[in-house]
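The structure appears below as structure tokens.
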2 protein chains.
Amino acid sequence: MPVALERASGETLTDQLVASLRDAVHRGLLPTDTRLPSTRTLADELSVSRTVVAAAYARLVDEGYLEGRHGSGTYVRTLNEAARHGSAAPQPSEPVPSPTTADIARFTFRTGVTAPDAAPEGWGRALREVARTTPPNRYLDAQGEPPLRAAIAAYLARSRGLTAEPESIVVTSGATQSLDLIMRTLVSSGDKVACEEPGHPGVRALLACHGLTAVALPVDNDGARPQDLPRGRGRPRLAHVTPSHQFPLGVRMTIGRRLDLVAWAREEDAFIIEDDYDSEYRFDGPPLPTLTGLDPERVLYLGTLSKTLTPAIRCGYLVAPRDMARRITRLKDLCDGPLSWPVQQTLLHLIESGRLERHVRRTRQRYAAARAALRGALAPVQDAVTLTGIEAGLHVVLCPRAGLSAERIAERARANGVSVTTLADFYTGPDKPDGLLLGYAGMSEVELVEAAEVLVRTISDLDED
Amino acid sequence: MPVALERASGETLTDQLVASLRDAVHRGLLPTDTRLPSTRTLADELSVSRTVVAAAYARLVDEGYLEGRHGSGTYVRTLNEAARHGSAAPQPSEPVPSPTTADIARFTFRTGVTAPDAAPEGWGRALREVARTTPPNRYLDAQGEPPLRAAIAAYLARSRGLTAEPESIVVTSGATQSLDLIMRTLVSSGDKVACEEPGHPGVRALLACHGLTAVALPVDNDGARPQDLPRGRGRPRLAHVTPSHQFPLGVRMTIGRRLDLVAWAREEDAFIIEDDYDSEYRFDGPPLPTLTGLDPERVLYLGTLSKTLTPAIRCGYLVAPRDMARRITRLKDLCDGPLSWPVQQTLLHLIESGRLERHVRRTRQRYAAARAALRGALAPVQDAVTLTGIEAGLHVVLCPRAGLSAERIAERARANGVSVTTLADFYTGPDKPDGLLLGYAGMSEVELVEAAEVLVRTISDLDED
């Protein structure tokens, strides 16, 4: 294989492998239909772990360079000539193949996706409405258009019982940008930031990119544990939590813990980020009031439309104390500007017409049905595995009983055509509890049941071994 | 006046004044229809410069708190109850008044705006087209959708003779975000970055916010002067230039200077950013080839749709060497994600249908006519002032002859109802040549002529003094 990896390089091994393979395809060293070595073979050859090779293959499949052919391995796809000979003039009539949803696995339990087959309620109508208006000819307020901020404030009051003035709201491209802006405003390189363990790898990656040090905030069945947060000189300046539905464990932070967390922030002069990424989807009753409501001066609230609409539309918002919202806006103005006007207007139409909330209710029913179907389909292995975090959100955690390894279930399931993520990927410390993460929003109910049946067979087989 | 300013504070005096006045309005200390003191009176009272007060008033007018009433001063506008009592529950049916285009001046020669009265050609149709498609249900490629990148590559080849592979293009929310991503990727706090003197204050503000040190790159009639760039240990790592139409002077960088600049970058292992913000609007022939074309490994290209469509849509792109484009994409994925899918799709429709280029041709004619009208209207004072930088772009520089002060022209013009910017605002050093910046894109031809006639009267009056 025409691959050279450098351990001393700043790039990860996976990134290097992806780049090498991509270049090899472009340079014609790996012609169309070449069968790639198995992940095990290539991993041995390069003396890297199989995870590195599997991740690189998966990314190149996503990018449209490789494809998995069922039961026979991974192959180089046909690229067009312009893409192959990188230096040729671009050929707009034959664009580079877009990333496809093709995957080596037949079914993937993905997190971070929404229902695949339906536009959000009223989406087309709202866009057509926007199409009728001439866009403004000038730079707009980086904080977001005042009517949209007023509509979001009213939406938060109705749906989350959170009172926020429009002046405290900043419209962003999503929770990711909100987090980035907050970090750039509130902390500086070298500072410590607490984040949940287990937690979202994207949050830690963003911390690292700002030169911030992550402090692990352990999570148990009552949510994040503020009692474990350092105090005094070595304390974190900021803590990122997901109290409504912890990502990935799915637990809810108890009110006692919430009060303790806010007390910690007050006593230590620190701030808290409440990432309320999927609170719209709670199936056992209304969501708990926000952490932000307990102390709006200490807690910043992140909302996103990525779970209710789709992550492709890129819109979200943050709520912060007014002076902080002003500083964040000033930064956003310098480094990005306001969210695109047509996106802001579409969102305003969706909220004001009541269609956003109708869409949330409709999809809540849909996801509740999906969750029930998944639970039903997994019933045959209920002695071997436990489902947790199922009361809310768009994913559940499957914990195998002692003696059954999540890693092995994932490996075998993948061989059987179903891709699942292990919980271990969300831990950074050495102590990695066993479990699988099943994101269920992205499949139809039929696919979901079929995928669950593969899991059941896989688990049963392993259970009998 | 209920205002307290603190000179030691990290906030600028203007920001503090804006915040104080805004709060005073909210707290009812400045009721509706209160006439504010004149800028001179308040400036004296607070011992600050009149510019501070004028800037604060202008911002509050934009935000909808104040309004200028013709010939009688600046007044507090009627706000709704929710906005006045900041803590009350938001009332979505009566949103906070949106920023209006009302201004204390009757006419403003603004830069950074586009033609006010027309949607971009095909805009509504493209949006309606997008409204028909179900948005994807997943996170998309942060680099931009491959078909859009291919379309941009083809557009660049046609319109700028620039050959770029889609893999080298990153779709962003505009030149501002492109700059921010490049700075975060290529330089780190403490590094030096060269930027044009005079130049765009936003670029310098962004540098400061990254802890970068600005090195002045002087500009003369042949464009930026690479011969003045430091070499060796103290050299800048990056230089930001606007070679097609220098902002704000409007000059074009000669080919000799371009070759010298690229040679400097090669010899000093530095990079150049070519900010091609308005090259579509060149009236005396086709635009010069790009600087990027001279060395695509050393020069990064920034393109924007803010001048051709409108700044409100927020879309642009950068072209960088492939490995750099990859690093920038990875950062964008961590801190923001891709540009909103409906915006990407709309842009794709506009480019592929040929409507973007048709719109550019149409607006080029419009702006050429505006420019001719402006030049004609200013002809009566041609002995007192010179117009430069008029061959391209959407603004011209008016230089008064010796003895006439641009500052005084601006002050008097404002009193006569016309707001213009002085060139001095774009210089950071002590040496500030005299001149006025007239952005002419945002007015109709009738308004433009009327505003120019006010300028002519103002200049003639001063000339006779």
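As shown in the structure tokens, the chain order sets the letters A, B, ...; within each chain, residues go from 1, and ligands are also counted from 1 in the order they appear.
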Using only C-alpha atoms and a cut-off of 6 Å, which residues of chain A sit close to chain B? Please list them as a VMD selection string. chain A and resid 90 92 95 98 113 to 114 116 119 124 127 to 128 131 134 137 to 139 146 to 147 150 to 151 154 176 to 177 180 206 310 to 314 334 to 336 340 to 341
Using DSSP on the backbone, list every residue of range 206-436 of chain A that comes out as helix (DSSP H, G or I), and give them as a ChimeraX atom specification. /A:206-209,226-228,232-234,255-268,292-294,322-335,341-352,355-381,406-415,423-426
Do you know which residues are at most 10 Å from Leu249 in chain A counting only C-alpha atoms, after dropping those on the same chain fewer than 3 positions away, and could you put them as a CSV table (one decimal) with N, CA, C and O atoms, in the first residue's frame?
```csv
chain,number,residue,atom,x,y,z
A,197,GLU,N,-17.9,13.5,31.7
A,197,GLU,CA,-17.2,12.3,31.4
A,197,GLU,C,-18.2,11.1,31.7
A,197,GLU,O,-18.5,10.9,32.9
A,198,PRO,N,-18.8,10.4,30.7
A,198,PRO,CA,-18.6,10.6,29.3
A,198,PRO,C,-19.3,11.8,28.8
A,198,PRO,O,-20.2,12.4,29.4
A,199,GLY,N,-18.8,12.2,27.6
A,199,GLY,CA,-19.4,13.4,27.0
A,199,GLY,C,-19.1,13.5,25.5
A,199,GLY,O,-18.6,12.5,24.9
A,219,VAL,N,-20.2,11.6,35.5
A,219,VAL,CA,-21.6,11.5,35.5
A,219,VAL,C,-22.0,10.2,36.1
A,219,VAL,O,-21.4,9.2,35.8
A,220,ASP,N,-23.1,10.2,37.0
A,220,ASP,CA,-23.7,8.9,37.4
A,220,ASP,C,-25.2,9.0,37.1
A,220,ASP,O,-25.6,9.8,36.3
A,221,ASN,N,-25.9,8.1,37.8
A,221,ASN,CA,-27.4,8.1,37.5
A,221,ASN,C,-28.1,9.3,37.8
A,221,ASN,O,-29.3,9.5,37.3
A,223,GLY,N,-26.9,12.3,37.1
A,223,GLY,CA,-26.4,13.3,36.2
A,223,GLY,C,-25.0,13.7,36.6
A,223,GLY,O,-24.3,12.9,37.3
A,245,HIS,N,-30.9,15.7,29.4
A,245,HIS,CA,-30.7,14.4,28.8
A,245,HIS,C,-29.2,14.2,28.5
A,245,HIS,O,-28.8,14.6,27.4
A,246,GLN,N,-28.5,13.7,29.5
A,246,GLN,CA,-27.1,13.7,29.4
A,246,GLN,C,-26.6,13.0,28.1
A,246,GLN,O,-27.1,11.9,27.8
A,252,ARG,N,-30.9,12.2,33.6
A,252,ARG,CA,-31.4,13.6,33.9
A,252,ARG,C,-30.7,14.0,35.2
A,252,ARG,O,-30.7,13.3,36.1
A,388,THR,N,-31.0,2.0,28.9
A,388,THR,CA,-31.1,3.2,29.8
A,388,THR,C,-31.2,4.5,29.0
A,388,THR,O,-30.9,4.5,27.8
A,389,GLY,N,-31.7,5.5,29.6
A,389,GLY,CA,-31.7,6.9,29.0
A,389,GLY,C,-32.8,6.9,27.9
A,389,GLY,O,-32.8,7.7,27.0
A,390,ILE,N,-33.8,6.0,28.1
A,390,ILE,CA,-34.8,5.9,27.0
A,390,ILE,C,-36.0,6.9,27.2
A,390,ILE,O,-36.8,7.0,26.3
A,395,HIS,N,-31.7,8.9,21.3
A,395,HIS,CA,-30.8,7.7,21.4
A,395,HIS,C,-31.0,7.0,22.7
A,395,HIS,O,-31.5,7.6,23.6
A,396,VAL,N,-30.6,5.7,22.8
A,396,VAL,CA,-30.7,5.0,24.0
A,396,VAL,C,-29.3,4.3,24.2
A,396,VAL,O,-28.5,4.2,23.3
A,397,VAL,N,-29.1,4.0,25.5
A,397,VAL,CA,-27.8,3.2,25.8
A,397,VAL,C,-28.2,1.8,26.1
A,397,VAL,O,-29.1,1.5,26.9
A,398,LEU,N,-27.5,0.9,25.5
A,398,LEU,CA,-27.7,-0.5,25.7
A,398,LEU,C,-26.5,-1.1,26.5
A,398,LEU,O,-25.4,-1.0,26.1
A,423,LEU,N,-20.0,2.9,23.8
A,423,LEU,CA,-20.0,4.0,24.8
A,423,LEU,C,-18.5,4.4,25.1
A,423,LEU,O,-18.3,5.5,25.4
A,426,PHE,N,-16.8,7.6,24.1
A,426,PHE,CA,-17.2,8.9,24.7
A,426,PHE,C,-16.5,9.2,26.0
A,426,PHE,O,-16.7,10.2,26.7
A,435,GLY,N,-20.9,-0.5,27.0
A,435,GLY,CA,-22.3,-0.1,26.5
A,435,GLY,C,-22.3,0.2,25.1
A,435,GLY,O,-21.2,0.4,24.5
A,436,LEU,N,-23.4,0.3,24.5
A,436,LEU,CA,-23.6,0.7,23.1
A,436,LEU,C,-24.5,1.8,23.0
A,436,LEU,O,-25.5,1.9,23.8
A,437,LEU,N,-24.3,2.7,22.0
A,437,LEU,CA,-25.1,3.9,21.8
A,437,LEU,C,-26.0,3.6,20.6
A,437,LEU,O,-25.5,3.4,19.5
```
When you count only C-alpha atoms, which of these residues is closest to Ala216 in chain A: A:Glu267, A:Glu280, A:Asp228, A:Asp383?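 Of A:Glu267, A:Glu280, A:Asp228, A:Asp383, the one nearest Ala216 in chain A is A:Asp228, counting only C-alpha atoms.
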List every residue of range 262-375 of chain B that DSSP, applied to the backbone of this structure, places in strand (DSSP E or B), and write the result as a list of chain:residue names.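 So, restricting range 262-375 of chain B to strand (DSSP E or B), we get B:Phe271, B:Ile272, B:Ile273, B:Glu274, B:Asp275, B:Arg282, B:Val299, B:Leu300, B:Tyr301, B:Leu302, B:Gly303, B:Thr304, B:Gly316, B:Tyr317, B:Leu318, B:Val319.
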Output of the above residues as a PDB file, in the first residue's frame, restricted to N, CA, C and O atoms:
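Once written, result07.pdb looks like this:
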```pdb
ATOM      1  N   PHE B 271       2.633  33.825   4.121  1.00  0.00           N
ATOM      2  CA  PHE B 271       1.482  33.645   3.237  1.00  0.00           C
ATOM      3  C   PHE B 271       0.793  34.979   2.992  1.00  0.00           C
ATOM      4  O   PHE B 271       0.939  35.920   3.769  1.00  0.00           O
ATOM      5  N   ILE B 272       0.061  35.026   1.890  1.00  0.00           N
ATOM      6  CA  ILE B 272      -0.648  36.244   1.507  1.00  0.00           C
ATOM      7  C   ILE B 272      -2.130  35.925   1.402  1.00  0.00           C
ATOM      8  O   ILE B 272      -2.499  34.851   0.932  1.00  0.00           O
ATOM      9  N   ILE B 273      -2.961  36.843   1.863  1.00  0.00           N
ATOM     10  CA  ILE B 273      -4.394  36.717   1.651  1.00  0.00           C
ATOM     11  C   ILE B 273      -4.814  37.751   0.625  1.00  0.00           C
ATOM     12  O   ILE B 273      -4.610  38.953   0.833  1.00  0.00           O
ATOM     13  N   GLU B 274      -5.362  37.282  -0.484  1.00  0.00           N
ATOM     14  CA  GLU B 274      -5.880  38.186  -1.515  1.00  0.00           C
ATOM     15  C   GLU B 274      -7.380  38.347  -1.284  1.00  0.00           C
ATOM     16  O   GLU B 274      -8.161  37.423  -1.542  1.00  0.00           O
ATOM     17  N   ASP B 275      -7.753  39.501  -0.791  1.00  0.00           N
ATOM     18  CA  ASP B 275      -9.161  39.761  -0.495  1.00  0.00           C
ATOM     19  C   ASP B 275      -9.763  40.438  -1.730  1.00  0.00           C
ATOM     20  O   ASP B 275      -9.571  41.622  -1.969  1.00  0.00           O
ATOM     21  N   ARG B 282     -15.595  46.287 -12.152  1.00  0.00           N
ATOM     22  CA  ARG B 282     -14.479  47.034 -12.736  1.00  0.00           C
ATOM     23  C   ARG B 282     -15.050  47.627 -14.015  1.00  0.00           C
ATOM     24  O   ARG B 282     -15.657  46.910 -14.806  1.00  0.00           O
ATOM     25  N   VAL B 299      -0.556  32.142  -1.880  1.00  0.00           N
ATOM     26  CA  VAL B 299      -1.625  33.140  -1.791  1.00  0.00           C
ATOM     27  C   VAL B 299      -2.966  32.444  -1.580  1.00  0.00           C
ATOM     28  O   VAL B 299      -3.321  31.519  -2.315  1.00  0.00           O
ATOM     29  N   LEU B 300      -3.696  32.851  -0.556  1.00  0.00           N
ATOM     30  CA  LEU B 300      -5.051  32.359  -0.320  1.00  0.00           C
ATOM     31  C   LEU B 300      -6.024  33.405  -0.859  1.00  0.00           C
ATOM     32  O   LEU B 300      -5.806  34.610  -0.687  1.00  0.00           O
ATOM     33  N   TYR B 301      -7.068  32.929  -1.491  1.00  0.00           N
ATOM     34  CA  TYR B 301      -8.005  33.821  -2.168  1.00  0.00           C
ATOM     35  C   TYR B 301      -9.315  33.904  -1.381  1.00  0.00           C
ATOM     36  O   TYR B 301      -9.851  32.878  -0.961  1.00  0.00           O
ATOM     37  N   LEU B 302      -9.813  35.121  -1.152  1.00  0.00           N
ATOM     38  CA  LEU B 302     -11.117  35.294  -0.507  1.00  0.00           C
ATOM     39  C   LEU B 302     -12.115  35.876  -1.494  1.00  0.00           C
ATOM     40  O   LEU B 302     -11.891  36.944  -2.051  1.00  0.00           O
ATOM     41  N   GLY B 303     -13.213  35.182  -1.674  1.00  0.00           N
ATOM     42  CA  GLY B 303     -14.300  35.692  -2.509  1.00  0.00           C
ATOM     43  C   GLY B 303     -15.538  35.890  -1.658  1.00  0.00           C
ATOM     44  O   GLY B 303     -15.693  35.240  -0.619  1.00  0.00           O
ATOM     45  N   THR B 304     -16.394  36.784  -2.066  1.00  0.00           N
ATOM     46  CA  THR B 304     -17.606  37.047  -1.280  1.00  0.00           C
ATOM     47  C   THR B 304     -18.771  37.287  -2.216  1.00  0.00           C
ATOM     48  O   THR B 304     -18.580  37.750  -3.340  1.00  0.00           O
ATOM     49  N   GLY B 316     -19.692  33.295   1.141  1.00  0.00           N
ATOM     50  CA  GLY B 316     -18.425  33.577   0.502  1.00  0.00           C
ATOM     51  C   GLY B 316     -17.653  32.276   0.400  1.00  0.00           C
ATOM     52  O   GLY B 316     -18.201  31.200   0.669  1.00  0.00           O
ATOM     53  N   TYR B 317     -16.400  32.379   0.024  1.00  0.00           N
ATOM     54  CA  TYR B 317     -15.594  31.173  -0.095  1.00  0.00           C
ATOM     55  C   TYR B 317     -14.134  31.577  -0.051  1.00  0.00           C
ATOM     56  O   TYR B 317     -13.787  32.746  -0.271  1.00  0.00           O
ATOM     57  N   LEU B 318     -13.298  30.615   0.281  1.00  0.00           N
ATOM     58  CA  LEU B 318     -11.866  30.853   0.205  1.00  0.00           C
ATOM     59  C   LEU B 318     -11.253  29.756  -0.635  1.00  0.00           C
ATOM     60  O   LEU B 318     -11.819  28.665  -0.749  1.00  0.00           O
ATOM     61  N   VAL B 319     -10.110  30.072  -1.241  1.00  0.00           N
ATOM     62  CA  VAL B 319      -9.345  29.084  -1.992  1.00  0.00           C
ATOM     63  C   VAL B 319      -7.981  29.003  -1.323  1.00  0.00           C
ATOM     64  O   VAL B 319      -7.344  30.042  -1.099  1.00  0.00           O
TER      65      VAL B 319
END
```
Find the residues near Glu447 in chain B: any atom within 12 Å, counting only C-alpha atoms, skip ones fewer than 2 places away on the same chain, and give them as a PyMOL selection string. chain B and resi 106-109+116+370+373-374+377+418+440-445+449-454
What does the distance between CA of Arg371 in chain A and CA of Leu394 in chain A come to in Å, to one decimal place? 8.3 Å
Leaving out Thr308 in chain A and any residue of its chain fewer than 6 positions from it, which residues lie within 10 Å of it when counting only C-alpha atoms, given as a list of chain:residue names?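 So the residues in contact are A:Thr114, A:Ala115, A:Pro120, A:Tyr277, A:Asp278, A:Ser279, A:Glu280, A:Tyr281, A:Leu356, A:Glu357, A:His359, A:Val360, A:Arg361, A:Thr363, A:Arg364.
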Any idea what the distance is between CA of Gly211 in chain A and CA of Ile169 in chain B? 26.9 Å
Atomic separation - CA of Pro226 in chain B relative to CA of Leu259 in chain B, Å: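 About the pair CA of Leu259 in chain B and CA of Pro226 in chain B: they are 9.3 Å apart.
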For range 48-56 of chain B: contacts at 10 Å, only C-alpha atoms, fewer than 5 positions along chain excluded, given as a PyMOL selection string: chain B and resi 5+12-19+21+38-43+61-62+104
If you count only C-alpha atoms, which residues fall within 12 Å of Val381 in chain A, apart from same-chain ones fewer than 3 positions away, as a VMD selection string? chain A and resid 374 to 378 384 to 387 398 to 401 404 452 to 464
Output of the above residues as a compact mmCIF listing (two decimals), in the first residue's frame, restricted to N, CA and C atoms:
```txt
# COMPACT_ATOMS: atom_id res chain seq x y z
N LEU A 374 -38.28 -0.09 18.93
CA LEU A 374 -36.94 -0.56 19.24
C LEU A 374 -36.95 -1.38 20.53
N ARG A 375 -37.65 -0.87 21.53
CA ARG A 375 -37.72 -1.58 22.80
C ARG A 375 -38.38 -2.94 22.60
N GLY A 376 -39.47 -2.95 21.82
CA GLY A 376 -40.16 -4.20 21.54
C GLY A 376 -39.26 -5.19 20.82
N ALA A 377 -38.55 -4.69 19.81
CA ALA A 377 -37.71 -5.59 19.02
C ALA A 377 -36.55 -6.13 19.83
N LEU A 378 -36.12 -5.38 20.86
CA LEU A 378 -34.99 -5.84 21.69
C LEU A 378 -35.46 -6.69 22.88
N ALA A 384 -30.25 -10.22 28.78
CA ALA A 384 -28.81 -10.04 28.50
C ALA A 384 -28.40 -8.57 28.50
N VAL A 385 -29.33 -7.69 28.21
CA VAL A 385 -28.98 -6.26 28.12
C VAL A 385 -30.02 -5.38 28.81
N THR A 386 -29.62 -4.20 29.25
CA THR A 386 -30.54 -3.21 29.83
C THR A 386 -30.52 -1.98 28.93
N LEU A 387 -31.69 -1.36 28.77
CA LEU A 387 -31.74 -0.11 28.02
C LEU A 387 -31.84 1.05 29.01
N LEU A 398 -27.47 0.88 25.49
CA LEU A 398 -27.70 -0.54 25.72
C LEU A 398 -26.52 -1.08 26.53
N CYS A 399 -26.81 -1.57 27.74
CA CYS A 399 -25.73 -2.07 28.60
C CYS A 399 -25.80 -3.58 28.68
N PRO A 400 -24.79 -4.27 28.22
CA PRO A 400 -24.81 -5.73 28.30
C PRO A 400 -24.54 -6.18 29.73
N ARG A 401 -25.10 -7.32 30.10
CA ARG A 401 -24.83 -7.85 31.45
C ARG A 401 -23.37 -8.27 31.54
N LEU A 404 -20.78 -10.20 28.94
CA LEU A 404 -21.02 -9.90 27.52
C LEU A 404 -20.30 -8.60 27.22
N ALA A 452 -32.68 -3.90 14.69
CA ALA A 452 -32.73 -4.41 16.06
C ALA A 452 -32.73 -5.93 16.06
N GLU A 453 -33.38 -6.51 15.07
CA GLU A 453 -33.40 -7.98 15.01
C GLU A 453 -32.00 -8.54 14.76
N VAL A 454 -31.22 -7.84 13.95
CA VAL A 454 -29.83 -8.26 13.75
C VAL A 454 -29.08 -8.19 15.08
N LEU A 455 -29.31 -7.10 15.83
CA LEU A 455 -28.65 -6.97 17.14
C LEU A 455 -29.06 -8.11 18.07
N VAL A 456 -30.36 -8.42 18.06
CA VAL A 456 -30.86 -9.50 18.93
C VAL A 456 -30.17 -10.82 18.58
N ARG A 457 -30.10 -11.13 17.28
CA ARG A 457 -29.42 -12.38 16.88
C ARG A 457 -27.96 -12.35 17.32
N THR A 458 -27.30 -11.21 17.10
CA THR A 458 -25.89 -11.08 17.47
C THR A 458 -25.69 -11.30 18.96
N ILE A 459 -26.54 -10.65 19.76
CA ILE A 459 -26.40 -10.75 21.21
C ILE A 459 -26.71 -12.17 21.67
N SER A 460 -27.76 -12.77 21.10
CA SER A 460 -28.12 -14.13 21.49
C SER A 460 -26.97 -15.09 21.18
N ASP A 461 -26.39 -14.95 19.98
CA ASP A 461 -25.27 -15.82 19.60
C ASP A 461 -24.13 -15.69 20.61
N LEU A 462 -23.78 -14.45 20.94
CA LEU A 462 -22.67 -14.22 21.86
C LEU A 462 -23.02 -14.73 23.25
N ASP A 463 -24.29 -14.56 23.62
CA ASP A 463 -24.75 -14.95 24.94
C ASP A 463 -24.63 -16.47 25.12
N GLU A 464 -24.80 -17.19 24.00
CA GLU A 464 -24.73 -18.65 24.08
C GLU A 464 -23.30 -19.16 24.08
```
Go through B:Gly68, B:Cys195, B:Val76, B:Arg414 and flag the residue nearest His26 in chain B, using only C-alpha atoms for the distances.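 Counting only C-alpha atoms, the residue closest to His26 in chain B is B:Val76.
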